[in-house]
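Novice: My questions will all concern the structure given below.
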Amino acid sequence: MNESTKILTIQDLSCFGQCSITVALPVVSAFGIETAVLPSAVLSTHTSGFTDYTVRDLTDDLPAIQKHWESERIYFDAIYTGFIASAEQMDYIKSIIDSRLKPNGSVFVDPAMADHGEFYNGFDQEFADKMGELCKLGDYILPNTTEACYILHKPWKEHFSEDEMLEMARELADFTKRYVILKGYERENELGMIIFDKKDSSVEIVFNDKINYVSHGTGDVFASSFVGSTILGKNPSRAAKIAGEFTKIAIEKTIGDETHTYGVKFEQAIPELYGLLKKY
């Protein structure tokens, strides 16, 4: 990374609730990386645990934003996509990647659309198929098992064997330029990620201690810290280890606060990032 490294993250802005841009912007910035944002939608809160939330889809704004950036000759060294508001936005985002990414720049796609065997509100298989097409532009894709199953048109189940996880990771290679980081491999008291390198078909499995705590936004914490670590030069297995440890620390800092049910306290974990970067 050099002093002028710039990354663009494209995902929704939830005005309240720790997810998407309100996670990606501070976490990636904490790595010393200049982070620009492109909101796909503005929500009053995130969609988990809240009712009657408002949503403003920003699809119609995307072409004008791209046009302005083109006139200003604004380019990015990396583009990181997360929660996308609609299937219609995919084509605009592909155009932004094609137009605004520097030569040899990197694309990270977190196909944030489902978890625990179900789509998020408003998404369906058609959306998943469009997301699969967007993933093909990614140098790195970071699906959980539910998202992987929808992309691959496979049935989901709560637990997958190691062989099943490896098979899914290999099949997902058709949906990435280089790396698959498949999250959600559970083994006893550990939570693992399968890292598949399409270039040489190599596989690594990275484990972190599992914490039995479910919260909205942990996928965004993981993805954002993975992106930041990778841009700083960490290889995918080291970046995944850093991201897993950082997410675990954020969860640990949240457990016990019964009033904090809308995300994890990743802000309190940010000082730990520097130690993790030295450790791994």
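Residues in the structure tokens are named by chain (A, B, ... in the order shown) and by number from 1 within that chain; ligands are numbered from 1 in the order shown.
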Just list the residues in segment 54-221 of chain A DSSP gives strand (DSSP E or B) on the backbone, as JSON, numbers by chain.
Specialist: {"A": [55, 56, 57, 76, 77, 78, 79, 80, 81, 101, 102, 103, 104, 105, 106, 107, 108, 109, 114, 115, 118, 119, 140, 141, 144, 179, 180, 181, 182, 183, 184, 185, 186, 187, 190, 191, 192, 193, 194, 195, 196, 197, 202, 203, 204, 205, 206, 207, 208, 209]}
Novice: Which polymer residues have any atom within 6 Å of an atom of Met193 of chain A, counting only C-alpha atoms, with same-chain residues fewer than 4 positions away left out, as an MDAnalysis selection string?
Specialist: chainID A and resid 182:183 185 205:206
Novice: Produce a file of the selected residues containing C-alpha atoms, as a compact mmCIF listing (two decimals), in the first residue's frame.
Specialist:
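So the final result, stored in part.txt, reads:
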# COMPACT_ATOMS: atom_id res chain seq x y z
CA LEU A 182 -16.10 -19.64 2.32
CA LYS A 183 -17.24 -18.90 5.86
CA TYR A 185 -17.31 -24.37 8.68
CA ILE A 205 -8.57 -23.98 6.31
CA VAL A 206 -8.27 -21.24 8.92
Novice: Tell me which of A:Cys135, A:Val214, A:Ala250, A:Ile141 sits closest to Phe196 of chain A, counting only C-alpha atoms.
Specialist: A:Ile141
Novice: Could you tell me how far atom CA of Glu162 of chain A lies from atom CA of Val264 of chain A, in Å and to one decimal?
Specialist: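 Separating atom CA of Glu162 of chain A from atom CA of Val264 of chain A is a distance of 28.5 Å.
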Novice: Hey, could you make a per-residue contact list for segment 77-123 of chain A against segment 143-155 of chain A with 6 Å as the cut-off, showing the nearest pair of atoms and its distance in Å to one decimal, counting only C-alpha atoms, sorted by chain and number, as CSV?
Specialist:
residue,atom,partner,partner_atom,distance
A:Pro111,CA,A:Pro143,CA,5.8
A:Ala114,CA,A:Glu147,CA,5.6
A:Asp115,CA,A:Thr146,CA,5.3
A:Gly117,CA,A:Thr146,CA,5.2
Novice: List as a PyMOL selection string the protein and nucleic acid residues near segment 86-99 of chain A, meaning an atom at most 6 Å away when only C-alpha atoms are counted, but skip any in the same chain fewer than 2 places from it.
Specialist: chain A and resi 59+84+101+127
Novice: What is the distance, in Å and to one decimal place, between atom CA of Glu190 of chain A and atom CA of Lys210 of chain A?
Specialist: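 So the answer is 4.6 Å.
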Novice: Assign secondary structure with DSSP using the backbone only, and return the residues of segment 201-268 of chain A in alpha helix (DSSP H) as an NGL selection string.
Specialist: :A and (218-231 or 236-252 or 266-268)
Novice: Quick check, in Å to one decimal: how far apart do atom CA of Gly122 of chain A and atom CA of Leu25 of chain A lie?
Specialist: 24.8 Å
Novice: Got a sec: who's within 7 Å of segment 169-181 of chain A, counting only C-alpha atoms, leaving out chain neighbours fewer than 4 positions off, as a list in words?
Specialist: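 Close residues of segment 169-181 of chain A: Gly132, Cys135, Lys136, Leu137, Gly138, Asp139, Tyr140, Ile141, Leu142, Pro143, Met165, Met193, Ile194, Ile195, Phe196, Asp197, Lys198 and Lys199 of chain A.
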Novice: Could the residues in this selection be saved with C-alpha atoms as a short mmCIF file (atom, residue, chain, number, x, y, z; two decimals), in the first residue's frame?
Specialist:
data_model
loop_
_atom_site.label_atom_id
_atom_site.label_comp_id
_atom_site.auth_asym_id
_atom_site.auth_seq_id
_atom_site.Cartn_x
_atom_site.Cartn_y
_atom_site.Cartn_z
CA GLY A 132 -23.39 -14.74 -8.74
CA CYS A 135 -19.08 -12.32 -7.94
CA LYS A 136 -17.40 -13.23 -11.22
CA LEU A 137 -15.81 -9.76 -11.20
CA GLY A 138 -14.35 -10.38 -7.75
CA ASP A 139 -10.73 -11.21 -7.09
CA TYR A 140 -12.00 -12.26 -3.66
CA ILE A 141 -15.50 -13.47 -2.78
CA LEU A 142 -16.61 -13.99 0.84
CA PRO A 143 -19.88 -15.94 1.03
CA MET A 165 -17.31 -27.48 2.42
CA MET A 193 -13.05 -20.65 6.74
CA ILE A 194 -12.17 -22.52 3.58
CA ILE A 195 -9.75 -20.54 1.39
CA PHE A 196 -9.56 -21.79 -2.19
CA ASP A 197 -7.09 -20.36 -4.69
CA LYS A 198 -8.39 -20.82 -8.21
CA LYS A 199 -4.95 -20.23 -9.71
#
Novice: For segment 232-246 of chain A, work out the shell of residues within 7 Å, counting only C-alpha atoms and skipping chain neighbours fewer than 3 positions away, then give it as a PyMOL selection string.
Specialist: chain A and resi 1+195+206+208+222+225-226+228-229+249-250+269+273+276-277+280
Novice: Set the distance at 12 Å and use only C-alpha atoms: which residues neighbour Gly256 of chain A once local chain neighbours fewer than 5 positions away are removed? I'd like the list as a PDB file with N, CA and C atoms, in the first residue's frame.
Specialist:
ATOM      1  N   TYR A 213     -22.643 -16.896  20.052  1.00  0.00           N
ATOM      2  CA  TYR A 213     -23.330 -15.602  20.139  1.00  0.00           C
ATOM      3  C   TYR A 213     -23.678 -15.179  18.721  1.00  0.00           C
ATOM      4  N   ILE A 251     -17.106  -9.405  19.359  1.00  0.00           N
ATOM      5  CA  ILE A 251     -18.209 -10.120  20.009  1.00  0.00           C
ATOM      6  C   ILE A 251     -17.987 -10.181  21.514  1.00  0.00           C
ATOM      7  N   THR A 261     -28.256  -4.976  21.345  1.00  0.00           N
ATOM      8  CA  THR A 261     -28.752  -6.137  20.603  1.00  0.00           C
ATOM      9  C   THR A 261     -28.758  -5.922  19.096  1.00  0.00           C
ATOM     10  N   VAL A 264     -22.333  -5.540  17.038  1.00  0.00           N
ATOM     11  CA  VAL A 264     -21.246  -5.799  17.997  1.00  0.00           C
ATOM     12  C   VAL A 264     -20.402  -4.536  18.157  1.00  0.00           C
ATOM     13  N   LYS A 265     -19.738  -4.442  19.303  1.00  0.00           N
ATOM     14  CA  LYS A 265     -18.975  -3.250  19.634  1.00  0.00           C
ATOM     15  C   LYS A 265     -17.593  -3.286  18.977  1.00  0.00           C
TER      16      LYS A 265
END
Novice: With only C-alpha atoms as the atoms that count, which of A:Ile270, A:Met168, A:Met131, A:Ile211 lies nearest to Glu252 of chain A?
Specialist: A:Ile211
Novice: Using only C-alpha atoms, which protein or nucleic acid residues come within 12 Å of His68 of chain A? Drop anything in the same chain fewer than 5 positions from it, and give the result as a ChimeraX atom specification.
Specialist: /A:61-63,73-75,96,99-100
Novice: Let's have the selection written as an mmCIF file, in the first residue's frame, with C-alpha atoms.
Specialist:
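Listing of out-v4.cif after writing:
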data_model
loop_
_atom_site.group_PDB
_atom_site.id
_atom_site.type_symbol
_atom_site.label_atom_id
_atom_site.label_comp_id
_atom_site.auth_asym_id
_atom_site.auth_seq_id
_atom_site.Cartn_x
_atom_site.Cartn_y
_atom_site.Cartn_z
ATOM 1 C CA ASP A 61 -28.409 8.117 -8.204
ATOM 2 C CA LEU A 62 -25.682 5.689 -9.242
ATOM 3 C CA PRO A 63 -25.255 6.736 -12.914
ATOM 4 C CA ARG A 73 -10.966 11.495 -12.930
ATOM 5 C CA ILE A 74 -11.490 9.728 -9.623
ATOM 6 C CA TYR A 75 -10.165 6.157 -9.575
ATOM 7 C CA ILE A 96 -18.655 1.537 -11.890
ATOM 8 C CA SER A 99 -14.962 2.549 -15.210
ATOM 9 C CA ARG A 100 -13.432 3.540 -11.859
#
